[in-house]
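A.B. asks: This is the structure I want to talk about, given as structure tokens.
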Amino acid sequence: MTALSLKDVSIMLGDTPVLESINLHVKQGEFVSILGPSGAGKSTIFRLLTGAVPLQTGTISCASHEDSFAFMPQRDALMPWRRIIDNLTLGLEVQGVARKDARTQVMPLLADFGLADFTTHFPAQLSGGMRQRAALLRTIVQGRSIQLLDEPFGALDALTRTQMQTWFEDRWRAARWTTLLVTHDVREAVALSDRIYVLSQRPARVIAEIIVPIPRPRLGRPPSTQAHDIETQLLEILLHQTGERS
């Protein structure tokens with residue numbers, strides 16, 4: 001069952017064409033990544049889905065309700081005046097969950113995110129990586145039917161990023177969230193995705209759709225030859241784009 005589809009979606013921001021006839025879809029329970037050059041317009045797709053940018057051309061279809069997206073932006077977007085525990089429960093509270101009940105849902109996840117000892121801290125007292133982990137926890141705990149993740153591990157150091165990717169893969173395998181990930185990290189896309197859409201330079205169009213048939217779990221073990229081959233294929237596509245632009 002298709003959970004989300006974009007058909008012939010084009011967007012101009014001012015006089016600048018950003019997206020050009022984008023066609024993509026995500027099946028229910030599928031993990032799909034959008035990969036492309038920096039500034040290609042990947043995040044604009046999320047801005048469309050969350051209503052931050054109005055649809056101009058094309059159609060967007062979602063099998064669930066319009067409020068079915070849980071969105072994690074590139075920046076952590078934590079409220080500086082709220083303690084971490086109250087930032088973590090914010091999405092649930094917006095849904096109408098009582099604060100006490102929201103905390104009950106959040107508490108079991110704190111240790112996995114390395115935040116158990118920081119619930120009473122304010123965001124300014126945490127490192128950038130810890131704030132990013134808090135933002136990811138706040139997104140996941142909402143339990144929405146579709147997760148929109150915009151570079152969720154980008155602010156983390158290499159070791160923490162690998163740990164969080166492994167944790168996230170384990171949780172995803174258990175819950176089968178319908179997930180759309182924007183990333184510039186080829187290895188991350190291959191490690192986490194069922195399929196990968198590759199975008200061109202701006203104005204972005206889909207130039208490749210790559211299926212990743214590697215059995216799971218993929219993380220926590222040596223990369224396979226198949227993973228290396230797919231990474232090489234993706235890098236060649238992206239480098240070709242850079243060469244065309246230069």
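Lettering and numbering for the structure tokens are positional, with chains as A, B, ... in the shown order, residues counted from 1 in each chain, and ligands counted from 1 in the shown order.
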With 6 Å as the cut-off and only C-alpha atoms counted, what is the closest atom pair between each nearby residue of segment 14-97 of chain A and segment 144-149 of chain A? Distances in Å to one decimal, ordered by chain and number, as a Markdown table.
C.D. replies:
| residue | atom | partner | partner_atom | distance |
| --- | --- | --- | --- | --- |
| A:Ser68 | CA | A:Arg144 | CA | 5.3 |
| A:Phe69 | CA | A:Ile146 | CA | 4.9 |
| A:Ala70 | CA | A:Gln147 | CA | 5.0 |
| A:Phe71 | CA | A:Leu148 | CA | 4.7 |
| A:Met72 | CA | A:Leu149 | CA | 5.0 |
A.B. asks: Report as number ranges by chain all protein, DNA and RNA residues lying within 7 Å of Leu78 of chain A, evaluated on only C-alpha atoms, omitting residues in the same chain fewer than 4 positions from it.
C.D. replies: A: 87, 123, 135
A.B. asks: Let me see the file: selected residues, C-alpha atoms, as an mmCIF file, in the first residue's frame.
C.D. replies:
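Full text of again.cif as output:
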data_model
loop_
_atom_site.group_PDB
_atom_site.id
_atom_site.type_symbol
_atom_site.label_atom_id
_atom_site.label_comp_id
_atom_site.auth_asym_id
_atom_site.auth_seq_id
_atom_site.Cartn_x
_atom_site.Cartn_y
_atom_site.Cartn_z
ATOM 1 C CA ASN A 87 10.996 19.584 25.057
ATOM 2 C CA PRO A 123 19.053 23.069 25.650
ATOM 3 C CA ALA A 135 15.145 16.266 18.761
#
A.B. asks: As a VMD selection string, please: every residue in segment 3-236 of chain A that DSSP puts in strand (DSSP E or B).
C.D. replies: chain A and resid 3 to 13 16 to 27 31 to 35 57 to 62 69 to 72 146 to 150 178 to 183 195 to 199 204 206 to 211
A.B. asks: Phe113 of chain A: which residues within 12 Å, counting only C-alpha atoms, same-chain residues fewer than 5 positions away excluded, as number ranges by chain?
C.D. replies: A: 88, 106-108, 118-119, 129-138, 140, 156, 160-161, 163-168
A.B. asks: Fewer than 2 positions away in the same chain doesn't count, so skip those; otherwise give me all residues within 9 Å of segment 32-48 of chain A, counting only C-alpha atoms, as an NGL selection string.
C.D. replies: :A and (11 or 18-19 or 25-27 or 30 or 50-55 or 71 or 73-74 or 148-150 or 178-186 or 189-190 or 192-205 or 234 or 238 or 241-242)
A.B. asks: Filtering to N, CA and C atoms, could you give me those residues as a short mmCIF file (atom, residue, chain, number, x, y, z; two decimals), in the first residue's frame?
C.D. replies:
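File selection.cif, as written:
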data_model
loop_
_atom_site.label_atom_id
_atom_site.label_comp_id
_atom_site.auth_asym_id
_atom_site.auth_seq_id
_atom_site.Cartn_x
_atom_site.Cartn_y
_atom_site.Cartn_z
N ILE A 11 8.27 23.32 -8.02
CA ILE A 11 8.20 24.45 -7.10
C ILE A 11 9.17 25.53 -7.55
N VAL A 18 13.12 25.35 -8.04
CA VAL A 18 13.77 24.50 -7.03
C VAL A 18 13.50 23.02 -7.30
N LEU A 19 12.27 22.66 -7.55
CA LEU A 19 11.90 21.28 -7.86
C LEU A 19 11.28 21.23 -9.24
N HIS A 25 7.47 7.93 -4.40
CA HIS A 25 6.45 7.36 -3.53
C HIS A 25 7.11 6.59 -2.40
N VAL A 26 6.36 6.40 -1.33
CA VAL A 26 6.82 5.62 -0.19
C VAL A 26 5.69 4.66 0.18
N LYS A 27 6.02 3.37 0.25
CA LYS A 27 5.04 2.38 0.64
C LYS A 27 4.92 2.32 2.17
N GLU A 30 7.84 1.29 4.68
CA GLU A 30 9.08 1.34 3.90
C GLU A 30 9.98 2.46 4.39
N THR A 50 5.01 19.33 5.03
CA THR A 50 4.57 19.87 6.31
C THR A 50 3.78 21.17 6.17
N GLY A 51 3.59 21.63 4.95
CA GLY A 51 2.79 22.82 4.71
C GLY A 51 3.53 24.13 4.85
N ALA A 52 4.86 24.09 5.05
CA ALA A 52 5.63 25.33 5.17
C ALA A 52 5.74 26.04 3.83
N VAL A 53 5.65 25.28 2.75
CA VAL A 53 5.65 25.83 1.39
C VAL A 53 4.41 25.31 0.68
N PRO A 54 3.60 26.18 0.06
CA PRO A 54 2.39 25.71 -0.61
C PRO A 54 2.71 24.97 -1.91
N LEU A 55 1.90 23.99 -2.21
CA LEU A 55 2.04 23.24 -3.45
C LEU A 55 1.66 24.14 -4.62
N PHE A 71 7.96 15.39 12.02
CA PHE A 71 9.04 16.01 11.26
C PHE A 71 10.19 16.41 12.17
N PRO A 73 13.53 18.58 11.72
CA PRO A 73 14.31 19.44 10.82
C PRO A 73 15.80 19.28 11.06
N GLN A 74 16.60 19.89 10.17
CA GLN A 74 18.05 19.83 10.31
C GLN A 74 18.50 20.41 11.64
N LEU A 148 9.38 12.03 8.95
CA LEU A 148 10.18 12.82 8.02
C LEU A 148 11.44 13.25 8.76
N LEU A 149 12.58 12.73 8.34
CA LEU A 149 13.84 12.98 9.03
C LEU A 149 14.79 13.72 8.11
N ASP A 150 15.13 14.94 8.49
CA ASP A 150 16.01 15.78 7.67
C ASP A 150 17.39 15.82 8.32
N THR A 178 6.84 4.05 8.57
CA THR A 178 7.01 4.58 7.22
C THR A 178 7.91 5.80 7.33
N THR A 179 9.09 5.74 6.72
CA THR A 179 10.11 6.75 6.97
C THR A 179 10.66 7.30 5.68
N LEU A 180 10.76 8.63 5.62
CA LEU A 180 11.39 9.33 4.51
C LEU A 180 12.54 10.14 5.08
N LEU A 181 13.75 9.82 4.64
CA LEU A 181 14.97 10.43 5.16
C LEU A 181 15.64 11.28 4.10
N VAL A 182 15.98 12.51 4.44
CA VAL A 182 16.82 13.36 3.60
C VAL A 182 18.23 13.29 4.14
N THR A 183 19.19 12.98 3.27
CA THR A 183 20.57 12.88 3.71
C THR A 183 21.50 13.21 2.56
N HIS A 184 22.72 13.61 2.88
CA HIS A 184 23.77 13.75 1.87
C HIS A 184 24.81 12.65 2.03
N ASP A 185 24.59 11.76 3.00
CA ASP A 185 25.54 10.72 3.37
C ASP A 185 25.18 9.42 2.63
N VAL A 186 25.99 9.07 1.63
CA VAL A 186 25.72 7.90 0.81
C VAL A 186 25.71 6.62 1.65
N ALA A 189 22.53 6.34 3.70
CA ALA A 189 21.38 6.00 2.87
C ALA A 189 21.35 4.51 2.56
N VAL A 190 22.50 3.94 2.22
CA VAL A 190 22.56 2.51 1.89
C VAL A 190 22.31 1.66 3.14
N LEU A 192 20.47 2.29 5.75
CA LEU A 192 19.15 2.38 6.36
C LEU A 192 17.98 2.15 5.40
N SER A 193 18.19 2.29 4.11
CA SER A 193 17.07 2.41 3.19
C SER A 193 16.65 1.12 2.51
N ASP A 194 15.36 1.06 2.15
CA ASP A 194 14.87 0.05 1.21
C ASP A 194 15.06 0.54 -0.22
N ARG A 195 14.82 1.83 -0.42
CA ARG A 195 15.04 2.45 -1.72
C ARG A 195 15.64 3.84 -1.54
N ILE A 196 16.33 4.30 -2.57
CA ILE A 196 16.96 5.62 -2.53
C ILE A 196 16.63 6.37 -3.80
N TYR A 197 16.10 7.58 -3.65
CA TYR A 197 15.92 8.48 -4.78
C TYR A 197 17.11 9.44 -4.83
N VAL A 198 17.69 9.60 -6.00
CA VAL A 198 18.80 10.54 -6.18
C VAL A 198 18.30 11.75 -6.97
N LEU A 199 18.55 12.93 -6.44
CA LEU A 199 18.13 14.16 -7.09
C LEU A 199 19.30 14.81 -7.83
N SER A 200 18.95 15.54 -8.86
CA SER A 200 19.94 16.30 -9.63
C SER A 200 20.26 17.61 -8.93
N GLN A 201 21.18 18.35 -9.52
CA GLN A 201 21.38 19.73 -9.09
C GLN A 201 20.08 20.51 -9.30
N ARG A 202 19.96 21.63 -8.62
CA ARG A 202 18.77 22.48 -8.74
C ARG A 202 18.64 23.03 -10.16
N PRO A 203 17.42 23.04 -10.72
CA PRO A 203 16.17 22.55 -10.11
C PRO A 203 16.17 21.03 -10.06
N ALA A 204 15.85 20.51 -8.89
CA ALA A 204 15.98 19.09 -8.62
C ALA A 204 14.94 18.28 -9.40
N ARG A 205 15.43 17.21 -9.97
CA ARG A 205 14.57 16.20 -10.57
C ARG A 205 15.11 14.85 -10.17
N LEU A 234 26.10 5.09 -6.37
CA LEU A 234 25.52 6.38 -5.97
C LEU A 234 26.54 7.51 -6.08
N LEU A 238 26.33 10.99 -8.31
CA LEU A 238 26.46 12.32 -7.72
C LEU A 238 27.66 13.07 -8.30
N GLN A 241 26.87 14.50 -11.59
CA GLN A 241 26.11 15.75 -11.45
C GLN A 241 27.04 16.93 -11.19
N THR A 242 28.00 16.75 -10.30
CA THR A 242 28.94 17.82 -9.99
C THR A 242 29.76 18.18 -11.23
#
A.B. asks: Skip Asn23 of chain A itself and residues of its chain fewer than 2 positions away, then list as a PyMOL selection string all residues within 10 Å of it, counting only C-alpha atoms.
C.D. replies: chain A and resi 5-10+20-21+25+58-60+197+205-206
A.B. asks: Identify all residues of segment 3-246 of chain A in helix (DSSP H, G or I) (DSSP on the backbone) and supply them as a PyMOL selection string.
C.D. replies: chain A and resi 42-49+84-88+90-94+99-109+123-125+128-140+158-175+186-192+225-245
A.B. asks: So, counting only C-alpha atoms, which residue among A:Leu219, A:Leu92, A:Ile210, A:Ala174 is closest to Glu231 of chain A?
C.D. replies: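 Among the listed residues, the smallest separation from Glu231 of chain A belongs to A:Ile210.
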A.B. asks: What is the distance, in Å and to one decimal place, between atom CA of Gly128 of chain A and atom CA of Asp157 of chain A?
C.D. replies: 9.7 Å
A.B. asks: I'd like the interatomic distance between atom CA of Leu4 of chain A and atom CA of Cys62 of chain A, to a tenth of an Å.
C.D. replies: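 The value is 4.5 Å.
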A.B. asks: What is the atom CA of Ile22 of chain A-atom CA of Gln56 of chain A distance in Å, reported with one decimal?
C.D. replies: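 Between atom CA of Ile22 of chain A and atom CA of Gln56 of chain A the gap works out to 12.2 Å.
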